[in-house]
>>> print(open('model.cif').read())   # mmCIF, C-alpha atoms
data_structure
loop_
_atom_site.label_atom_id
_atom_site.label_comp_id
_atom_site.auth_asym_id
_atom_site.auth_seq_id
_atom_site.Cartn_x
_atom_site.Cartn_y
_atom_site.Cartn_z
CA MET A 1 21.81 -4.54 9.58
CA ASN A 2 21.51 -1.95 12.36
CA VAL A 3 18.76 0.66 12.70
CA PHE A 4 20.72 3.25 10.70
CA GLY A 5 21.10 0.90 7.76
CA ARG A 6 17.49 -0.26 7.84
CA VAL A 7 16.19 3.29 7.92
CA LYS A 8 18.42 4.54 5.12
CA THR A 9 17.53 1.64 2.83
CA SER A 10 13.80 1.79 3.59
CA ILE A 11 12.92 5.49 3.87
CA ASN A 12 13.89 8.24 1.49
CA THR A 13 14.47 11.80 2.59
CA ARG A 14 11.55 13.26 0.67
CA GLU A 15 9.09 10.83 2.26
CA ALA A 16 10.29 11.80 5.72
CA ALA A 17 10.26 15.54 4.95
CA GLU A 18 6.65 15.41 3.77
CA ARG A 19 5.62 13.16 6.67
CA TYR A 20 7.01 15.69 9.13
CA GLY A 21 5.40 18.81 7.69
CA VAL A 22 7.84 20.07 5.04
CA GLU A 23 5.93 20.74 1.81
CA VAL A 24 8.08 19.71 -1.15
CA ASN A 25 6.99 20.73 -4.64
CA ARG A 26 7.32 18.59 -7.78
CA HIS A 27 10.76 20.06 -8.42
CA GLY A 28 12.01 18.93 -5.02
CA LYS A 29 12.09 22.46 -3.60
CA ALA A 30 10.65 23.58 -0.26
CA LEU A 31 10.77 26.43 2.22
CA CYS A 32 13.59 25.57 4.59
CA PRO A 33 12.30 24.98 8.15
CA PHE A 34 15.71 25.76 9.63
CA HIS A 35 15.74 29.49 8.88
CA ASN A 36 13.33 32.25 7.88
CA ASP A 37 13.06 31.18 4.26
CA ARG A 38 11.18 33.64 2.06
CA ASN A 39 11.72 31.67 -1.14
CA PRO A 40 12.10 27.87 -1.47
CA SER A 41 15.81 27.28 -0.97
CA LEU A 42 15.70 23.73 0.38
CA PHE A 43 16.28 20.96 -2.15
CA VAL A 44 15.03 17.53 -1.07
CA ASP A 45 16.11 14.46 -3.01
CA ASP A 46 15.56 10.79 -2.23
CA ASP A 47 18.91 10.37 -0.48
CA HIS A 48 19.71 13.83 0.88
CA TYR A 49 18.58 17.39 1.49
CA HIS A 50 20.48 20.63 1.06
CA CYS A 51 19.57 24.26 1.74
CA TYR A 52 21.26 26.68 -0.63
CA ALA A 53 20.61 29.56 1.77
CA CYS A 54 21.62 28.36 5.25
CA GLY A 55 23.77 25.40 4.21
CA GLU A 56 21.91 22.70 6.16
CA HIS A 57 22.70 19.36 4.58
CA GLY A 58 22.33 15.66 5.35
CA ASP A 59 20.37 12.46 4.88
CA VAL A 60 16.99 11.31 6.16
CA ILE A 61 18.29 10.74 9.69
CA ASP A 62 20.03 14.11 9.84
CA LEU A 63 16.82 15.80 8.67
CA THR A 64 14.68 14.11 11.31
CA ALA A 65 17.19 14.82 14.06
CA LYS A 66 17.29 18.49 13.11
CA LEU A 67 13.51 18.85 12.84
CA PHE A 68 12.81 17.32 16.25
CA GLY A 69 15.97 18.21 18.17
CA LEU A 70 16.95 14.56 18.54
CA LYS A 71 20.26 12.73 18.60
CA LEU A 72 20.98 10.69 15.48
CA TYR A 73 20.16 7.35 17.10
CA GLU A 74 16.90 8.77 18.49
CA ALA A 75 16.02 10.12 15.05
CA ALA A 76 16.71 6.73 13.47
CA GLN A 77 14.46 5.08 16.07
CA LYS A 78 11.69 7.60 15.43
CA LEU A 79 11.85 6.99 11.69
CA ALA A 80 11.82 3.23 12.20
CA TYR A 81 8.67 3.37 14.33
CA ASP A 82 6.86 6.06 12.33
CA PHE A 83 7.39 4.14 9.09
CA GLY A 84 6.74 0.70 10.55
CA ILE A 85 10.25 -0.72 10.35
CA THR A 86 10.61 -3.47 12.95
CA GLN A 87 12.91 -2.79 15.85
CA ASP A 88 14.45 -5.43 18.10
CA LYS A 89 13.97 -3.29 21.18
CA PRO A 90 11.16 -0.76 21.66
CA PRO A 91 12.09 2.65 23.04
CA ASP A 92 11.39 3.34 26.69
CA LYS A 93 8.53 5.65 27.73
CA ALA A 94 10.66 8.80 27.95
CA MET A 95 12.20 8.14 24.54
CA GLN A 96 8.79 7.43 22.99
CA GLU A 97 7.37 10.68 24.34
CA LYS A 98 10.31 12.57 22.90
CA GLN A 99 9.89 10.87 19.53
CA ASN A 100 6.17 11.60 19.44
CA ARG A 101 6.66 15.35 19.58
CA LYS A 102 5.50 17.15 16.50
CA SER A 103 8.13 19.00 14.58
CA GLU A 104 7.94 22.78 14.55
CA ALA A 105 7.12 22.61 10.84
CA GLN A 106 4.21 20.25 11.48
CA ARG A 107 2.84 22.32 14.34
CA LEU A 108 3.01 25.58 12.42
CA ARG A 109 1.47 24.03 9.32
CA GLU A 110 -1.44 22.53 11.27
CA ASN A 111 -2.09 25.83 13.06
CA GLU A 112 -1.85 27.69 9.77
CA LYS A 113 -4.49 25.41 8.21
CA LEU A 114 -6.83 25.96 11.17
CA CYS A 115 -6.43 29.75 10.93
CA PHE A 116 -6.83 29.78 7.16
CA SER A 117 -10.00 27.68 7.29
CA ALA A 118 -11.66 29.92 9.89
CA LEU A 119 -10.56 33.19 8.28
CA LEU A 120 -11.66 32.06 4.80
CA GLU A 121 -15.10 31.07 6.08
CA TYR A 122 -15.40 34.38 7.94
CA MET A 123 -14.29 36.35 4.87
CA LYS A 124 -16.95 34.70 2.69
CA LEU A 125 -19.56 35.34 5.35
CA LEU A 126 -18.65 39.03 5.59
CA GLN A 127 -18.68 39.38 1.81
CA GLU A 128 -22.17 37.89 1.74
CA TRP A 129 -23.39 40.11 4.58
CA LYS A 130 -22.01 43.24 2.92
CA ARG A 131 -23.88 42.35 -0.26
CA LEU A 132 -27.15 41.19 1.28
CA TYR A 133 -27.62 43.73 4.05
CA VAL A 134 -26.45 46.96 2.44
CA PRO A 135 -28.98 49.75 3.17
CA ARG A 136 -31.22 50.41 0.18
CA THR A 137 -31.97 53.99 1.13
CA PRO A 138 -30.18 56.58 3.32
CA GLU A 139 -33.03 56.26 5.83
CA ASP A 140 -32.62 52.50 6.30
CA LYS A 141 -31.26 51.38 9.64
CA HIS A 142 -27.88 49.67 9.30
CA ASP A 143 -28.11 45.94 9.94
CA ASP A 144 -25.58 44.73 12.53
CA ARG A 145 -24.24 42.21 10.03
CA PHE A 146 -23.59 44.94 7.46
CA VAL A 147 -21.80 47.01 10.12
CA GLU A 148 -19.65 44.01 11.11
CA ALA A 149 -18.77 43.40 7.46
CA CYS A 150 -17.78 47.03 6.93
CA HIS A 151 -15.58 47.01 10.02
CA ASN A 152 -13.83 43.68 9.48
CA LEU A 153 -13.88 42.63 5.82
CA ASP A 154 -10.83 44.51 4.53
CA TYR A 155 -8.65 43.28 7.39
CA VAL A 156 -9.80 39.68 7.10
CA GLU A 157 -9.19 39.73 3.34
CA TYR A 158 -5.70 41.03 4.02
CA LEU A 159 -4.97 38.18 6.45
CA VAL A 160 -6.29 35.57 4.02
CA ASP A 161 -4.14 37.04 1.23
CA LEU A 162 -1.06 36.79 3.46
CA LEU A 163 -1.79 33.15 4.26
CA ILE A 164 -2.19 32.38 0.54
CA MET A 165 0.60 34.45 -0.98
CA GLY A 166 2.85 35.49 1.90
CA ASP A 167 6.28 34.06 2.59
CA SER A 168 6.95 31.73 5.51
CA TYR A 169 7.73 34.63 7.87
CA GLU A 170 4.47 36.46 7.05
CA ARG A 171 2.35 33.32 7.31
CA LYS A 172 3.93 32.48 10.67
CA GLU A 173 3.23 35.99 11.98
CA VAL A 174 -0.43 35.83 10.92
CA THR A 175 -0.85 32.35 12.40
CA GLU A 176 0.71 33.29 15.72
CA MET A 177 -1.37 36.47 15.92
CA VAL A 178 -4.61 34.58 15.28
CA MET A 179 -3.67 31.84 17.76
CA THR A 180 -2.92 34.24 20.65
CA ASP A 181 -5.46 35.39 23.25
CA SER A 182 -7.95 32.72 22.07
CA LYS A 183 -8.72 34.74 18.92
CA LEU A 184 -9.12 31.59 16.82
CA GLN A 185 -11.41 29.93 19.36
CA LYS A 186 -13.56 33.08 19.58
CA LEU A 187 -13.83 33.27 15.80
CA GLN A 188 -14.73 29.58 15.52
CA LYS A 189 -17.38 30.05 18.22
CA HIS A 190 -18.78 33.07 16.37
CA LEU A 191 -18.95 31.15 13.09
CA LYS A 192 -20.61 28.19 14.79
CA LYS A 193 -23.24 30.50 16.29
CA VAL A 194 -23.92 32.10 12.90
CA ARG A 195 -24.25 28.71 11.19
CA LYS A 196 -26.67 27.57 13.88
CA GLU A 197 -28.78 30.74 13.54
CA GLU A 198 -28.87 30.47 9.74
CA LYS A 199 -29.87 26.82 9.93
CA HIS A 200 -32.69 27.69 12.33
CA ILE A 201 -33.93 30.46 10.03
CA GLY A 202 -33.78 28.12 7.04
CA GLU A 203 -35.84 25.49 8.86
CA GLN A 204 -38.48 28.09 9.77
CA GLU A 205 -38.79 29.16 6.13
CA LEU A 206 -39.46 25.59 4.94
#
>>> encode(input="model.cif", output="structure tokens")
Amino acid sequence: MNVFGRVKTSINTREAAERYGVEVNRHGKALCPFHNDRNPSLFVDDDHYHCYACGEHGDVIDLTAKLFGLKLYEAAQKLAYDFGITQDKPPDKAMQEKQNRKSEAQRLRENEKLCFSALLEYMKLLQEWKRLYVPRTPEDKHDDRFVEACHNLDYVEYLVDLLIMGDSYERKEVTEMVMTDSKLQKLQKHLKKVRKEEKHIGEQEL
């Protein structure tokens, strides 16, 4: 049996889709990675996939080829190696590098998770600061943390809401915005500094 036959009999389409970053729900539906899908229009079954919006259709090898921009034989090789199916001949270095690329769906999903994690932590921090450091009297000096919460909380809550409830286009826009100009790295650094300061204060109070 050649590589095409071994792959098709050993790996189902849903397994490959989920392995490569396409989130399939219990009904077999997913947001299609091949167009700006606002509602799940991709149906993924064990032996095929079909998008009812853009018309993309095929089997596990077609799906992998489309996700990674590979030829069918290259896609079959990638599946065989990723899922541990023995090959008679290993791919050369250039082929292996090509096969090891992350799909666009995987890359976006990983970046989205990083952004969501940082924004959610920052949102909770700002909510806490707004509650704890609100001035008790008009004469009280505004704490810098309260000022930061007042300036940023509404916007951060809006971004978190988009990442939770937005469609694929909205989530992608938020993710790309947060990832540009080192915004994510700056936020992560800020959160790390705050955690370190709070830990130091906690140790002093013990």
>>> resolve_selection(input="model.cif", expression="the PyMOL selection byres ((chain A and resi 157) around 10)", output="list in words")
Leu119, Leu120, Tyr122, Met123, Lys124, Leu126, Gln127, Asn152, Leu153, Asp154, Tyr155, Val156, Tyr158, Leu159, Val160, Asp161, Leu162 and Leu163 of chain A
>>> atom_distance(input="model.cif", atom1="CA of His142 (chain A)", atom2="CA of Ala118 (chain A)")
25.6 Å
>>> residues_near_point(input="model.cif", point="(-26.3, 41.9, 2.6)", cutoff="12 Å", atoms="all atoms listed in the file", output="compact mmCIF listing (two decimals) with C-alpha atoms, in the coordinates of the input")
# COMPACT_ATOMS: atom_id res chain seq x y z
CA LYS A 124 -16.95 34.70 2.69
CA LEU A 125 -19.56 35.34 5.35
CA LEU A 126 -18.65 39.03 5.59
CA GLN A 127 -18.68 39.38 1.81
CA GLU A 128 -22.17 37.89 1.74
CA TRP A 129 -23.39 40.11 4.58
CA LYS A 130 -22.01 43.24 2.92
CA ARG A 131 -23.88 42.35 -0.26
CA LEU A 132 -27.15 41.19 1.28
CA TYR A 133 -27.62 43.73 4.05
CA VAL A 134 -26.45 46.96 2.44
CA PRO A 135 -28.98 49.75 3.17
CA ARG A 136 -31.22 50.41 0.18
CA HIS A 142 -27.88 49.67 9.30
CA ASP A 143 -28.11 45.94 9.94
CA ASP A 144 -25.58 44.73 12.53
CA ARG A 145 -24.24 42.21 10.03
CA PHE A 146 -23.59 44.94 7.46
CA VAL A 147 -21.80 47.01 10.12
CA GLU A 148 -19.65 44.01 11.11
CA ALA A 149 -18.77 43.40 7.46
CA CYS A 150 -17.78 47.03 6.93
>>> atom_distance(input="model.cif", atom1="CA of Thr180 (chain A)", atom2="CA of Lys66 (chain A)")
26.7 Å
>>> closest_residue(input="model.cif", among="A:Glu110, A:Val24, A:Lys29, A:Phe68", to="Tyr52 (chain A)", atoms="only C-alpha atoms")
A:Lys29
>>> closest_residue(input="model.cif", among="A:Val174, A:Ala76, A:Leu70, A:Cys115", to="Ile11 (chain A)", atoms="only C-alpha atoms")
A:Ala76
>>> residues_near_point(input="model.cif", point="(18.8, 23.7, 14.4)", cutoff="12 Å", atoms="all atoms listed in the file", output="ChimeraX atom specification")
/A:32-35,54-57,62-71,103-104
>>> write_last_selection(input="model.cif", atoms="C-alpha atoms", output="tab-separated table (two decimals), in the frame of the given file")
chain	number	residue	atom	x	y	z
A	32	CYS	CA	13.59	25.57	4.59
A	33	PRO	CA	12.30	24.98	8.15
A	34	PHE	CA	15.71	25.76	9.63
A	35	HIS	CA	15.74	29.49	8.88
A	54	CYS	CA	21.62	28.36	5.25
A	55	GLY	CA	23.77	25.40	4.21
A	56	GLU	CA	21.91	22.70	6.16
A	57	HIS	CA	22.70	19.36	4.58
A	62	ASP	CA	20.03	14.11	9.84
A	63	LEU	CA	16.82	15.80	8.67
A	64	THR	CA	14.68	14.11	11.31
A	65	ALA	CA	17.19	14.82	14.06
A	66	LYS	CA	17.29	18.49	13.11
A	67	LEU	CA	13.51	18.85	12.84
A	68	PHE	CA	12.81	17.32	16.25
A	69	GLY	CA	15.97	18.21	18.17
A	70	LEU	CA	16.95	14.56	18.54
A	71	LYS	CA	20.26	12.73	18.60
A	103	SER	CA	8.13	19.00	14.58
A	104	GLU	CA	7.94	22.78	14.55
>>> atom_distance(input="model.cif", atom1="CA of Arg107 (chain A)", atom2="CA of Ser10 (chain A)")
25.6 Å
>>> residues_around(input="model.cif", residues="region 2-5 of chain A", least_positions_apart="2", cutoff="10 Å", atoms="only C-alpha atoms", output="PyMOL selection string")
chain A and resi 7-10+60-61+72-73+75-77+79-80+85-88
>>> closest_residue(input="model.cif", among="A:Glu198, A:Asp59, A:Gln188, A:Gly84", to="Asn12 (chain A)", atoms="only C-alpha atoms")
A:Asp59
